Amino acid sequence: MAEYRRVPDSDRLLTARLMGVAKRHAPWCEPTQDETDAAVPELRAIAGERPDLLAEVAGILLGASEGELDEPRAKAAASLCIAAGADQSLIPGWIEEGRRRVAIRRKPPFSDPARRTPRHG
């Protein structure tokens with residue numbers, strides 16, 4: 001997942017919708033059966049026959065939230081995606097991608113010395 005890949009805009013839009021729905025339904029603790037029953041049909045309707053997108057959302061949520069204040073809610077949202085049929089074999093790769101994205105976000109802008117241009121005084 002960490003390597004560059006060209007993703008169709010339609011997949012990006014579906015992933016964003018799935019992320020929003022999962023987070024909207026997610027409580028701050030483990031979801032109850034009623035909460036799961038309410039979220040799963042909506043997630044399945046959006047994902048269609050794409051368990052890979054549900055896995056992407058679950059993995060990104062888990063990897064990007066590690067050690068953050070919203071980690072319990074992200075775990076609940078990920079569990080909803082798993083209940084909706086996420087391909088669990090793909091989730092570990094997406095967890096790594098979530099971690100990678102957080103690491104990039106934490107870097108200061110232009111922190112790569114190779115990209116700096118010399119100053120002329």
# chains A, B, ... in the order shown; residues from 1 in each chain; ligands from 1

$ residues_around --residues "Pro92 (chain A)" --least-positions-apart "2" --cutoff "12 Å" --atoms "only C-alpha atoms" --output "PDB file with N, CA and C atoms, in the first residue's frame"
ATOM      1  N   MET A   1       0.810  -1.183   0.000  1.00  0.00           N
ATOM      2  CA  MET A   1       0.000   0.000   0.000  1.00  0.00           C
ATOM      3  C   MET A   1       0.865   1.264   0.000  1.00  0.00           C
ATOM      4  N   ALA A   2       2.028   1.187   0.616  1.00  0.00           N
ATOM      5  CA  ALA A   2       2.857   2.371   0.754  1.00  0.00           C
ATOM      6  C   ALA A   2       3.423   2.832  -0.583  1.00  0.00           C
ATOM      7  N   ALA A  55     -11.775  -2.787   3.586  1.00  0.00           N
ATOM      8  CA  ALA A  55     -10.500  -3.089   4.245  1.00  0.00           C
ATOM      9  C   ALA A  55      -9.601  -1.861   4.274  1.00  0.00           C
ATOM     10  N   GLU A  56      -9.593  -1.104   3.192  1.00  0.00           N
ATOM     11  CA  GLU A  56      -8.789   0.120   3.146  1.00  0.00           C
ATOM     12  C   GLU A  56      -9.224   1.092   4.235  1.00  0.00           C
ATOM     13  N   VAL A  57     -10.515   1.313   4.346  1.00  0.00           N
ATOM     14  CA  VAL A  57     -11.032   2.228   5.361  1.00  0.00           C
ATOM     15  C   VAL A  57     -10.703   1.725   6.762  1.00  0.00           C
ATOM     16  N   ALA A  58     -10.933   0.449   7.020  1.00  0.00           N
ATOM     17  CA  ALA A  58     -10.645  -0.110   8.348  1.00  0.00           C
ATOM     18  C   ALA A  58      -9.168   0.032   8.685  1.00  0.00           C
ATOM     19  N   GLY A  59      -8.292  -0.314   7.753  1.00  0.00           N
ATOM     20  CA  GLY A  59      -6.858  -0.244   8.006  1.00  0.00           C
ATOM     21  C   GLY A  59      -6.353   1.164   8.206  1.00  0.00           C
ATOM     22  N   ILE A  60      -6.800   2.091   7.371  1.00  0.00           N
ATOM     23  CA  ILE A  60      -6.380   3.493   7.516  1.00  0.00           C
ATOM     24  C   ILE A  60      -6.841   4.032   8.866  1.00  0.00           C
ATOM     25  N   LEU A  61      -8.080   3.738   9.236  1.00  0.00           N
ATOM     26  CA  LEU A  61      -8.576   4.186  10.536  1.00  0.00           C
ATOM     27  C   LEU A  61      -7.721   3.644  11.676  1.00  0.00           C
ATOM     28  N   LEU A  62      -7.401   2.366  11.626  1.00  0.00           N
ATOM     29  CA  LEU A  62      -6.620   1.753  12.699  1.00  0.00           C
ATOM     30  C   LEU A  62      -5.187   2.286  12.740  1.00  0.00           C
ATOM     31  N   GLY A  63      -4.555   2.363  11.595  1.00  0.00           N
ATOM     32  CA  GLY A  63      -3.165   2.815  11.558  1.00  0.00           C
ATOM     33  C   GLY A  63      -2.987   4.283  11.875  1.00  0.00           C
ATOM     34  N   ALA A  86     -15.317  -6.426   5.177  1.00  0.00           N
ATOM     35  CA  ALA A  86     -13.978  -6.047   4.727  1.00  0.00           C
ATOM     36  C   ALA A  86     -13.108  -7.282   4.537  1.00  0.00           C
ATOM     37  N   ASP A  87     -12.269  -7.254   3.523  1.00  0.00           N
ATOM     38  CA  ASP A  87     -11.318  -8.339   3.279  1.00  0.00           C
ATOM     39  C   ASP A  87     -10.216  -8.224   4.330  1.00  0.00           C
ATOM     40  N   GLN A  88     -10.276  -9.067   5.344  1.00  0.00           N
ATOM     41  CA  GLN A  88      -9.377  -8.950   6.490  1.00  0.00           C
ATOM     42  C   GLN A  88      -7.917  -9.231   6.143  1.00  0.00           C
ATOM     43  N   SER A  89      -7.670  -9.900   5.043  1.00  0.00           N
ATOM     44  CA  SER A  89      -6.285 -10.160   4.657  1.00  0.00           C
ATOM     45  C   SER A  89      -5.581  -8.887   4.168  1.00  0.00           C
ATOM     46  N   LEU A  90      -6.350  -7.883   3.764  1.00  0.00           N
ATOM     47  CA  LEU A  90      -5.776  -6.630   3.269  1.00  0.00           C
ATOM     48  C   LEU A  90      -5.567  -5.582   4.362  1.00  0.00           C
ATOM     49  N   TRP A  94      -3.008  -1.894   4.982  1.00  0.00           N
ATOM     50  CA  TRP A  94      -3.598  -0.557   5.094  1.00  0.00           C
ATOM     51  C   TRP A  94      -3.314   0.073   6.452  1.00  0.00           C
ATOM     52  N   ILE A  95      -3.119  -0.742   7.484  1.00  0.00           N
ATOM     53  CA  ILE A  95      -2.706  -0.196   8.778  1.00  0.00           C
ATOM     54  C   ILE A  95      -1.337   0.465   8.620  1.00  0.00           C
ATOM     55  N   GLU A  96      -0.444  -0.196   7.911  1.00  0.00           N
ATOM     56  CA  GLU A  96       0.885   0.386   7.656  1.00  0.00           C
ATOM     57  C   GLU A  96       0.769   1.681   6.861  1.00  0.00           C
ATOM     58  N   GLU A  97      -0.128   1.711   5.904  1.00  0.00           N
ATOM     59  CA  GLU A  97      -0.331   2.936   5.114  1.00  0.00           C
ATOM     60  C   GLU A  97      -0.857   4.063   6.000  1.00  0.00           C
ATOM     61  N   GLY A  98      -1.746   3.747   6.911  1.00  0.00           N
ATOM     62  CA  GLY A  98      -2.245   4.755   7.852  1.00  0.00           C
ATOM     63  C   GLY A  98      -1.129   5.309   8.715  1.00  0.00           C
ATOM     64  N   ARG A  99      -0.259   4.439   9.192  1.00  0.00           N
ATOM     65  CA  ARG A  99       0.899   4.876   9.984  1.00  0.00           C
ATOM     66  C   ARG A  99       1.823   5.761   9.152  1.00  0.00           C
TER      67      ARG A  99
END

$ select_by_dssp --residues "region 6-93 of chain A" --states "helix (DSSP H, G or I)" --output "PyMOL selection string"
chain A and resi 9-25+33-47+51-65+71-83+91-93

$ write_last_selection --atoms "C-alpha atoms" --output "PDB file, in the first residue's frame"
ATOM      1  CA  ASP A   9     -11.448   8.926  -8.647  1.00  0.00           C
ATOM      2  CA  SER A  10     -14.510   6.728  -8.189  1.00  0.00           C
ATOM      3  CA  ASP A  11     -12.613   4.567  -5.666  1.00  0.00           C
ATOM      4  CA  ARG A  12     -11.417   7.645  -3.805  1.00  0.00           C
ATOM      5  CA  LEU A  13     -14.968   8.965  -3.593  1.00  0.00           C
ATOM      6  CA  LEU A  14     -16.307   5.622  -2.381  1.00  0.00           C
ATOM      7  CA  THR A  15     -13.552   5.398   0.222  1.00  0.00           C
ATOM      8  CA  ALA A  16     -14.348   8.893   1.481  1.00  0.00           C
ATOM      9  CA  ARG A  17     -18.053   8.039   1.737  1.00  0.00           C
ATOM     10  CA  LEU A  18     -17.298   4.786   3.556  1.00  0.00           C
ATOM     11  CA  MET A  19     -14.992   6.621   5.971  1.00  0.00           C
ATOM     12  CA  GLY A  20     -17.692   9.187   6.722  1.00  0.00           C
ATOM     13  CA  VAL A  21     -20.443   6.623   7.249  1.00  0.00           C
ATOM     14  CA  ALA A  22     -18.265   4.411   9.445  1.00  0.00           C
ATOM     15  CA  LYS A  23     -17.220   7.355  11.615  1.00  0.00           C
ATOM     16  CA  ARG A  24     -20.783   8.680  11.823  1.00  0.00           C
ATOM     17  CA  HIS A  25     -22.068   5.344  13.120  1.00  0.00           C
ATOM     18  CA  GLN A  33     -25.284  -5.128  18.104  1.00  0.00           C
ATOM     19  CA  ASP A  34     -27.974  -2.506  17.375  1.00  0.00           C
ATOM     20  CA  GLU A  35     -25.330   0.027  16.291  1.00  0.00           C
ATOM     21  CA  THR A  36     -23.666  -2.582  14.093  1.00  0.00           C
ATOM     22  CA  ASP A  37     -27.009  -3.611  12.608  1.00  0.00           C
ATOM     23  CA  ALA A  38     -27.710   0.032  11.709  1.00  0.00           C
ATOM     24  CA  ALA A  39     -24.302   0.665  10.105  1.00  0.00           C
ATOM     25  CA  VAL A  40     -23.591  -2.542   8.189  1.00  0.00           C
ATOM     26  CA  PRO A  41     -26.355  -2.282   5.541  1.00  0.00           C
ATOM     27  CA  GLU A  42     -25.380   1.307   4.743  1.00  0.00           C
ATOM     28  CA  LEU A  43     -21.693   0.406   4.446  1.00  0.00           C
ATOM     29  CA  ARG A  44     -22.502  -2.601   2.251  1.00  0.00           C
ATOM     30  CA  ALA A  45     -24.763  -0.503   0.027  1.00  0.00           C
ATOM     31  CA  ILE A  46     -21.954   1.984  -0.591  1.00  0.00           C
ATOM     32  CA  ALA A  47     -19.156  -0.595  -0.978  1.00  0.00           C
ATOM     33  CA  PRO A  51     -14.540  -5.658   0.271  1.00  0.00           C
ATOM     34  CA  ASP A  52     -11.123  -4.202  -0.597  1.00  0.00           C
ATOM     35  CA  LEU A  53     -12.452  -0.674  -0.033  1.00  0.00           C
ATOM     36  CA  LEU A  54     -13.908  -1.633   3.331  1.00  0.00           C
ATOM     37  CA  ALA A  55     -10.500  -3.089   4.245  1.00  0.00           C
ATOM     38  CA  GLU A  56      -8.789   0.120   3.146  1.00  0.00           C
ATOM     39  CA  VAL A  57     -11.032   2.228   5.361  1.00  0.00           C
ATOM     40  CA  ALA A  58     -10.645  -0.110   8.348  1.00  0.00           C
ATOM     41  CA  GLY A  59      -6.858  -0.244   8.006  1.00  0.00           C
ATOM     42  CA  ILE A  60      -6.380   3.493   7.516  1.00  0.00           C
ATOM     43  CA  LEU A  61      -8.576   4.186  10.536  1.00  0.00           C
ATOM     44  CA  LEU A  62      -6.620   1.753  12.699  1.00  0.00           C
ATOM     45  CA  GLY A  63      -3.165   2.815  11.558  1.00  0.00           C
ATOM     46  CA  ALA A  64      -3.765   6.554  11.598  1.00  0.00           C
ATOM     47  CA  SER A  65      -5.386   6.599  15.027  1.00  0.00           C
ATOM     48  CA  GLU A  71      -8.405   5.740  18.781  1.00  0.00           C
ATOM     49  CA  PRO A  72     -11.427   4.105  20.512  1.00  0.00           C
ATOM     50  CA  ARG A  73     -13.824   5.623  17.994  1.00  0.00           C
ATOM     51  CA  ALA A  74     -11.576   4.701  15.060  1.00  0.00           C
ATOM     52  CA  LYS A  75     -11.439   1.104  16.328  1.00  0.00           C
ATOM     53  CA  ALA A  76     -15.235   1.057  16.534  1.00  0.00           C
ATOM     54  CA  ALA A  77     -15.526   2.423  12.977  1.00  0.00           C
ATOM     55  CA  ALA A  78     -13.041  -0.186  11.742  1.00  0.00           C
ATOM     56  CA  SER A  79     -15.012  -2.956  13.441  1.00  0.00           C
ATOM     57  CA  LEU A  80     -18.126  -1.773  11.585  1.00  0.00           C
ATOM     58  CA  CYS A  81     -16.233  -2.057   8.285  1.00  0.00           C
ATOM     59  CA  ILE A  82     -15.098  -5.551   9.228  1.00  0.00           C
ATOM     60  CA  ALA A  83     -18.667  -6.522  10.129  1.00  0.00           C
ATOM     61  CA  ILE A  91      -6.179  -4.730   6.544  1.00  0.00           C
ATOM     62  CA  PRO A  92      -2.576  -5.111   7.845  1.00  0.00           C
ATOM     63  CA  GLY A  93      -1.190  -3.444   4.719  1.00  0.00           C
TER      64      GLY A  93
END

$ atom_distance --atom1 "CA of Gly67 (chain A)" --atom2 "CA of Val102 (chain A)"
11.1 Å

$ closest_residue --among "A:Glu49, A:Pro8, A:Pro31, A:Glu66" --to "Ala103 (chain A)" --atoms "only C-alpha atoms"
A:Glu66

$ atom_distance --atom1 "CA of Gly48 (chain A)" --atom2 "CA of Ala26 (chain A)"
20.2 Å
